[in-house]
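Reading through the C-alpha cells given below for one structure.
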Amino acid sequence: MDWFQPTAGTLTELSITCTGLVFLIYLLRLKKKTNDCYLIIAIYSTLFVNESLAFIVESSTRSILSIAVLQLIFDGFQFISIIWCSYCVYQNIYPRESLVSILIYSSLFFPAAYFWLRDYALFDGHISLLHVLSIPAINTMALLLATINYFRKIKAFSVNKYSFSLTKELVHPSSREVALFGGFALSLVTYILIEFLVVLLALQIIRGAFFYFLMYLLSVTILITVSFSYFNYAREQTSFQAKLVGITLFFILGLISIIPLIVYWVKGNAESEIYTKVFVVVIPLSTLLISFSLPLLFRLTILKPLSKIVSGVQSVISGDLIAHVDIEINDEIGRLSQNFNKMTQSLRDGMEQLNNMRETIATDFHDQTGNMLSAITRQASLLKARFADQPETQQIIDSIINNSDSLYESSQDFLWHLNHDSDNPNELFNYLTGYGQLYYNQFDIAFSSTGEECRSLKFEPFAALNLIFIFKEAMTNVVKHSGADEVEFKMHCEDQVVSFALMDNGNWKESDKTREHYGLCNMERRCLKNTFGFSLIRQETGTQIIIRVSVKNLNEIL
C-alpha cells in the first residue's frame with residue numbers, strides 16, 4: 001500500500017469523521033424527528049462523507065481525480081446545508097432570501113471548485129495559490145452569512161425584543177430557541193477560524209503541525225458545541241446517555257488524536273509515519289469500543305437506577321402514592337431514591353389528612369345544612385296547611401319549598417364533588433348516568449349511556465362540578481321543551497380532551513324572542529367561563545349537545 005501514506009494531520013480528519021459519525025447515528029435513531037433534526041442530519045451526513053473523502057485524498061501519494069471531485073462536491077453540499085439550516089431551523093423567516101443565498105453561493109463555489117480540480121488533474125495535485133484561497137474565501141462568506149442569520153433569529157425569538165442585547169442573550173439566553181441559535185452561531189464562528197487557518201497554511205505563515213493541532217482543537221470545539229446545544233435545547237426528547245457517551249468519546253478521542261500530532265511535531269513526518277499507521281486503526285476501533293461498551297456500562301451503573309426513579313415518579317403522577325424505589329447503592333442516585341421514598345411517604349400522609357378533612361367537611365356540611373333544609377321544608381309545609389285558604393301565600397310557600405329542594409339537590413352535587421374522585425372522567429360519567437336514570441324514570445323517558453374507559457386522564461379543579469350543572473340543565477331542558485321519549489348520554493376520550501354528548505329524539509323548540517332563554521344561556525356562559533368547547537346540533541331526528549373538556553394526560557406529564 002505505497003499509495004496510502006497517512007500523516008498525523010490526516011488523523012485529525014479521521015478522528016473528526018468518527019465522532020461526527022457517532023453523532024449522526026444518534027440523530028438517525030431519534031424518534032419523532034422534527035424538521036430541525038433533518039437539517040442537522042443533512043449537515044453531518046455531508047460532513048461525514050466530505051471528511052472521509054478528504055482523509056483518502058490527503059493520505060494518498062497519487063492524484064485520484066474521482067475522489068477529489070466527490071470530496072469537493074460534498075464540501076459544497078455541506079456549506080449549502082449549513083446556510084439552509086441557518087435559515088430554516090425552527091422557522092424560515094426569510095424564504096426568498098434563503099433561496100437567493102443558496103443560488104449565489106452555488107454560483108461562486110462550484111466554478112471555484114472546477115478551477116481547483118483542473119489544477120489538480122493537470123499538475124498532479126499541485127493547485128495554484130489563487131485557486132487554493134478562493135474556496136476558503138467563499139466558504140467564509142457562507143459561514144458569515146449563516147452566523148448573521150442566527151444572530152437575527154436570536155433577536156426574533158428573544159423574550160426581551162424591545163430591550164434586546166446580543167451580548168446578554170448569548171451569555172444568558174432568554175429562551176430555548178435563543179440558546180440553540182447561540183450555540184450554532186458560536187460553532188460557525190469557530191468554523192471561520194478554521195477557514196482562516198487554511199489560508200495561513202496556504203500562505204505558509206504557519207507550520208503544518210501547528211495548523212493540524214489548532215484545526216483539530218477547533219473542530220472538536222465545533223462538534224461539542226453543536227452536539228450539546230442540540231442535546232440540551234432541541235425540540236426532540238434527547239438522551240442523558242448520549243451526553244455521557246459523547247463527553248467520554250470526545251475526551252478519549254481527543255487524547256488519542258493529539259498523541260500522533262505531538263510526535264509529528266517533535267520528530268517530523270518521516271519518523272512518525274509508523275505511528276500514524278497505527279493510529280489509523282486505533283482511532284476507529286476506539287470509537288467502536290466506546291460507542292458500544294459505554295452505553296451498556298452507563299445503562300447498568302447509572303441509567304438503570306435512574307429509570308427506576310423515573311418509573312416511580314410516573315407512578316406517583318398517575319396517583320399511585322404507594323410507589324417505592326428499592327436502590328441499595330450509597331451514592332447520589334441512592335440518596336435520590338431515599339429522598340423519593342421519603343417524599344412519597346409525606347405525600348401519603350398529606351393525602352390521608354386531606355381526605356379526612358374533606359370527609360369531615362362533607363359530613364358536617366351534610367348534617368347541618370341538610371337538617372336545616374329539611375326543617376325549612378317541614379315548617380313551610382305546616383305554613384302551607386295553615387294558610388290553605390290564601391292562594392297568594394300558597395305561591396310564596398311553594399316557592400320556598402322548591403328553592404329549599406333545589407338547594408338541597410345542589411348541595412348533594414357539591415358533596416359528591418368534595419368527597420369523591422371527581423377529577424376522574426369515569427367517575428363523573430357514572431355519576432351523571434345514575435342521575436339521568438333516576439331523573440328520566442319519572443317521565444317514562446328511555447335513558448341509555450355509552451362511554452369509553454378514560455385512563456390516566458384528569459380534570460382541572462371544579463371542571464366536574466360545572467359539568468354536572470351543565471348537563472343537569474340540559475337534561476331538564478329535554479323534559480321541558482323537546483317532547484323526546486329517548487335520551488342517550490355518551491363519553492369519548494382522546495389524549496388531552498374528553499367529549500360528553502347528550503342526544504334526544506325530540507323536536508327543537510325555538511326560544512321566545514321576547515324573553516331570555518336562561519337554560520341554554522347559562523350552559524353557554526359556564527362553558528365560556530371554564531374554556532369548555534360547546535356545540536349545539538339541531539337535527540330532524542333530535543337535538544345533540546356536545547361539551548369538549550381539556551384534561552391532563554398523566555402519562556405525558558414527564
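Chain labels A, B, ... are given in the sequence in which chains occur in the C-alpha cells; within each chain residues are numbered consecutively from 1, and ligands are likewise numbered from 1 in the order shown.
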
Distance query Asn139 in chain A at most 10 Å, only C-alpha atoms, self and fewer than 2 positions along chain excluded, as a VMD selection string: chain A and resid 75 to 76 79 to 80 105 108 to 109 134 to 137 141 to 145 191 to 192 195

Could you write out the selected residues, including N, CA, C and O atoms, as a compact mmCIF listing (two decimals), in the first residue's frame?
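As a result, part36.txt now contains:
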```
# COMPACT_ATOMS: atom_id res chain seq x y z
N ASP A 75 -18.19 18.90 -0.15
CA ASP A 75 -17.81 20.10 0.58
C ASP A 75 -18.79 21.23 0.27
O ASP A 75 -19.24 21.96 1.17
N GLY A 76 -19.16 21.38 -1.00
CA GLY A 76 -20.14 22.39 -1.37
C GLY A 76 -21.51 22.11 -0.77
O GLY A 76 -22.17 23.02 -0.24
N PHE A 79 -21.73 23.10 2.94
CA PHE A 79 -21.94 24.52 3.22
C PHE A 79 -23.32 24.98 2.78
O PHE A 79 -23.90 25.88 3.39
N ILE A 80 -23.87 24.36 1.74
CA ILE A 80 -25.25 24.65 1.37
C ILE A 80 -26.19 24.24 2.50
O ILE A 80 -27.14 24.95 2.85
N TYR A 105 -24.26 31.33 -3.50
CA TYR A 105 -23.14 30.51 -3.03
C TYR A 105 -22.78 29.45 -4.08
O TYR A 105 -21.60 29.22 -4.37
N LEU A 108 -20.84 30.72 -6.97
CA LEU A 108 -19.45 31.07 -6.67
C LEU A 108 -18.60 29.84 -6.38
O LEU A 108 -17.44 29.74 -6.83
N PHE A 109 -19.16 28.89 -5.61
CA PHE A 109 -18.34 27.77 -5.15
C PHE A 109 -18.01 26.80 -6.28
O PHE A 109 -16.84 26.42 -6.44
N SER A 134 -9.41 30.69 -3.05
CA SER A 134 -10.77 31.08 -3.45
C SER A 134 -11.83 30.28 -2.68
O SER A 134 -12.84 30.85 -2.25
N ILE A 135 -11.59 28.99 -2.50
CA ILE A 135 -12.60 28.16 -1.83
C ILE A 135 -12.75 28.55 -0.35
O ILE A 135 -13.88 28.74 0.13
N PRO A 136 -11.66 28.70 0.44
CA PRO A 136 -11.85 29.18 1.82
C PRO A 136 -12.52 30.55 1.90
O PRO A 136 -13.30 30.80 2.82
N ALA A 137 -12.23 31.41 0.94
CA ALA A 137 -12.85 32.74 0.96
C ALA A 137 -14.36 32.63 0.75
O ALA A 137 -15.15 33.28 1.45
N MET A 141 -17.44 33.40 3.52
CA MET A 141 -18.61 34.25 3.27
C MET A 141 -19.89 33.51 3.63
O MET A 141 -20.80 34.09 4.23
N ALA A 142 -19.96 32.23 3.28
CA ALA A 142 -21.14 31.44 3.62
C ALA A 142 -21.31 31.31 5.13
O ALA A 142 -22.42 31.42 5.66
N LEU A 143 -20.20 31.08 5.84
CA LEU A 143 -20.26 30.95 7.29
C LEU A 143 -20.66 32.27 7.96
O LEU A 143 -21.42 32.28 8.94
N LEU A 144 -20.15 33.38 7.44
CA LEU A 144 -20.54 34.69 7.98
C LEU A 144 -22.04 34.93 7.79
O LEU A 144 -22.72 35.43 8.70
N LEU A 145 -22.55 34.58 6.62
CA LEU A 145 -23.97 34.74 6.36
C LEU A 145 -24.80 33.89 7.32
O LEU A 145 -25.79 34.36 7.90
N TYR A 191 -15.76 27.76 13.10
CA TYR A 191 -15.52 27.26 11.75
C TYR A 191 -14.81 28.32 10.90
O TYR A 191 -13.94 28.00 10.08
N ILE A 192 -15.15 29.59 11.09
CA ILE A 192 -14.49 30.67 10.36
C ILE A 192 -13.01 30.72 10.71
O ILE A 192 -12.15 30.96 9.84
N GLU A 195 -11.23 28.14 8.63
CA GLU A 195 -11.01 28.60 7.26
C GLU A 195 -9.87 29.62 7.21
O GLU A 195 -9.08 29.66 6.25
```

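Distance check against Thr287 in chain A using only C-alpha atoms: of A:Phe240, A:Phe429, A:Gly20, A:His131, the minimum falls on A:Gly20.
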
Separation of CA of Val479 in chain A from CA of His492 in chain A in Å: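 CA of Val479 in chain A lies at a distance of 24.4 Å from CA of His492 in chain A.
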
Residue contacts of Ile102 in chain A (8 Å, only C-alpha atoms) excluding same-chain residues fewer than 3 positions away, as a list in words: Ile80, Ile83, Trp84, Ser98, Leu99, Tyr105 and Ser106 of chain A

Å distance separating CA of Gln314 in chain A from CA of Phe459 in chain A, one decimal place: 17.8 Å

Atom-to-atom span, CA of Tyr230 in chain A and CA of Ala242 in chain A, Å: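 These two atoms are separated by 11.3 Å.
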
Selection near Val226 in chain A, 12 Å with only C-alpha atoms, sequence-local residues under 4 positions removed, as an NGL selection string: :A and (20 or 23-24 or 40-41 or 43-44 or 82 or 179-191 or 219-222 or 230-234 or 246)

Hey, can you spit out that residue selection with N, CA and C atoms as a compact mmCIF listing (two decimals), in the first residue's frame?
```txt
# COMPACT_ATOMS: atom_id res chain seq x y z
N GLY A 20 -18.09 12.59 14.35
CA GLY A 20 -19.25 13.05 13.60
C GLY A 20 -20.18 11.92 13.24
N PHE A 23 -22.35 11.03 16.30
CA PHE A 23 -23.44 12.00 16.47
C PHE A 23 -24.50 11.81 15.39
N LEU A 24 -24.10 11.51 14.17
CA LEU A 24 -25.05 11.29 13.08
C LEU A 24 -25.93 10.07 13.37
N ILE A 40 -29.98 19.09 10.66
CA ILE A 40 -28.69 18.74 11.27
C ILE A 40 -28.17 17.43 10.67
N ILE A 41 -29.06 16.49 10.39
CA ILE A 41 -28.64 15.23 9.76
C ILE A 41 -28.02 15.51 8.39
N ILE A 43 -26.42 18.19 7.44
CA ILE A 43 -25.08 18.78 7.63
C ILE A 43 -24.08 17.70 7.98
N TYR A 44 -24.41 16.84 8.94
CA TYR A 44 -23.44 15.86 9.41
C TYR A 44 -23.28 14.69 8.44
N ILE A 82 -25.39 24.07 5.65
CA ILE A 82 -25.19 25.00 6.77
C ILE A 82 -25.99 26.28 6.55
N ALA A 179 -30.95 29.94 23.05
CA ALA A 179 -29.78 29.17 23.47
C ALA A 179 -29.27 28.27 22.34
N LEU A 180 -30.19 27.67 21.59
CA LEU A 180 -29.79 26.83 20.47
C LEU A 180 -29.13 27.65 19.37
N PHE A 181 -29.72 28.79 19.03
CA PHE A 181 -29.14 29.65 18.00
C PHE A 181 -27.77 30.16 18.42
N GLY A 182 -27.62 30.49 19.70
CA GLY A 182 -26.33 30.97 20.18
C GLY A 182 -25.25 29.91 20.07
N GLY A 183 -25.59 28.66 20.40
CA GLY A 183 -24.62 27.57 20.27
C GLY A 183 -24.21 27.34 18.83
N PHE A 184 -25.20 27.37 17.91
CA PHE A 184 -24.89 27.19 16.50
C PHE A 184 -24.04 28.35 15.97
N ALA A 185 -24.36 29.58 16.39
CA ALA A 185 -23.58 30.74 15.94
C ALA A 185 -22.13 30.64 16.43
N LEU A 186 -21.95 30.21 17.68
CA LEU A 186 -20.59 30.05 18.21
C LEU A 186 -19.81 29.00 17.43
N SER A 187 -20.47 27.92 17.03
CA SER A 187 -19.79 26.88 16.25
C SER A 187 -19.37 27.42 14.88
N LEU A 188 -20.18 28.28 14.29
CA LEU A 188 -19.83 28.83 12.97
C LEU A 188 -18.67 29.82 13.07
N VAL A 189 -18.64 30.59 14.17
CA VAL A 189 -17.50 31.49 14.37
C VAL A 189 -16.21 30.68 14.48
N THR A 190 -16.30 29.53 15.17
CA THR A 190 -15.13 28.65 15.28
C THR A 190 -14.76 28.09 13.91
N TYR A 191 -15.76 27.76 13.10
CA TYR A 191 -15.52 27.26 11.75
C TYR A 191 -14.81 28.32 10.90
N SER A 219 -12.05 21.94 15.57
CA SER A 219 -13.07 21.03 15.04
C SER A 219 -13.79 20.30 16.17
N VAL A 220 -13.03 19.87 17.17
CA VAL A 220 -13.65 19.22 18.32
C VAL A 220 -14.55 20.21 19.05
N THR A 221 -14.12 21.47 19.13
CA THR A 221 -14.96 22.51 19.76
C THR A 221 -16.28 22.66 19.02
N ILE A 222 -16.22 22.62 17.70
CA ILE A 222 -17.46 22.72 16.91
C ILE A 222 -18.39 21.55 17.20
N TYR A 230 -27.63 20.95 20.78
CA TYR A 230 -28.79 20.21 20.31
C TYR A 230 -29.32 19.28 21.39
N PHE A 231 -28.44 18.61 22.12
CA PHE A 231 -28.87 17.73 23.20
C PHE A 231 -29.73 18.48 24.22
N ASN A 232 -29.33 19.71 24.54
CA ASN A 232 -29.97 20.44 25.62
C ASN A 232 -31.22 21.20 25.18
N TYR A 233 -31.24 21.69 23.95
CA TYR A 233 -32.30 22.63 23.59
C TYR A 233 -33.13 22.20 22.39
N ALA A 234 -32.93 21.00 21.88
CA ALA A 234 -33.72 20.56 20.73
C ALA A 234 -35.16 20.29 21.14
N GLY A 246 -21.08 10.95 24.66
CA GLY A 246 -20.45 11.99 23.87
C GLY A 246 -19.28 12.64 24.58
```

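For Ile445 in chain A, the set of protein, DNA and RNA residues having any atom at most 10 Å away, when counting only C-alpha atoms and skipping those fewer than 4 positions along the same chain, is Gly436, Gln437, Tyr439, Tyr440, Asn441, Val478, Val479, Gly483, Ala484, Asp485, Glu486, Val487 and Asp504 of chain A.
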
Polymer residues at most 10 Å from range 295-298 of chain A, only C-alpha atoms, same-chain spacing of 3 or more positions, as number ranges by chain: A: 240-242, 244-245, 290-292, 301-304

Counting only C-alpha atoms, the option among A:Gln237, A:Thr19, A:Asn92, A:Asn339 closest to Thr34 in chain A: A:Gln237

Counting only C-alpha atoms, the residue of A:Leu27, A:Ala146, A:Val69, A:Met215 that sits nearest Glu13 in chain A: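 Comparing A:Leu27, A:Ala146, A:Val69, A:Met215 against Glu13 in chain A, the winner is A:Met215.
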
Which residue of A:Arg548, A:Lys155, A:His324, A:Lys33 approaches Phe500 in chain A most closely, using only C-alpha atoms: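 Ranked by minimum distance to Phe500 in chain A, first place goes to A:Arg548.
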
Selected residue of minimal separation from Tyr431 in chain A among A:Arg299, A:Phe489, A:Ala474, A:Lys480, counting only C-alpha atoms: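 So, comparing all the options, the nearest one is A:Phe489.
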
Contacts of Thr531 in chain A within 9 Å, only C-alpha atoms, excl. fewer than 5 positions in-chain, as a count of residues only: 3

Nearest-residue call for Tyr114 in chain A, choices A:Val132, A:Met343, A:Val100, A:Ala501, using only C-alpha atoms: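 Of the candidates, the smallest distance to Tyr114 in chain A is held by A:Val132.
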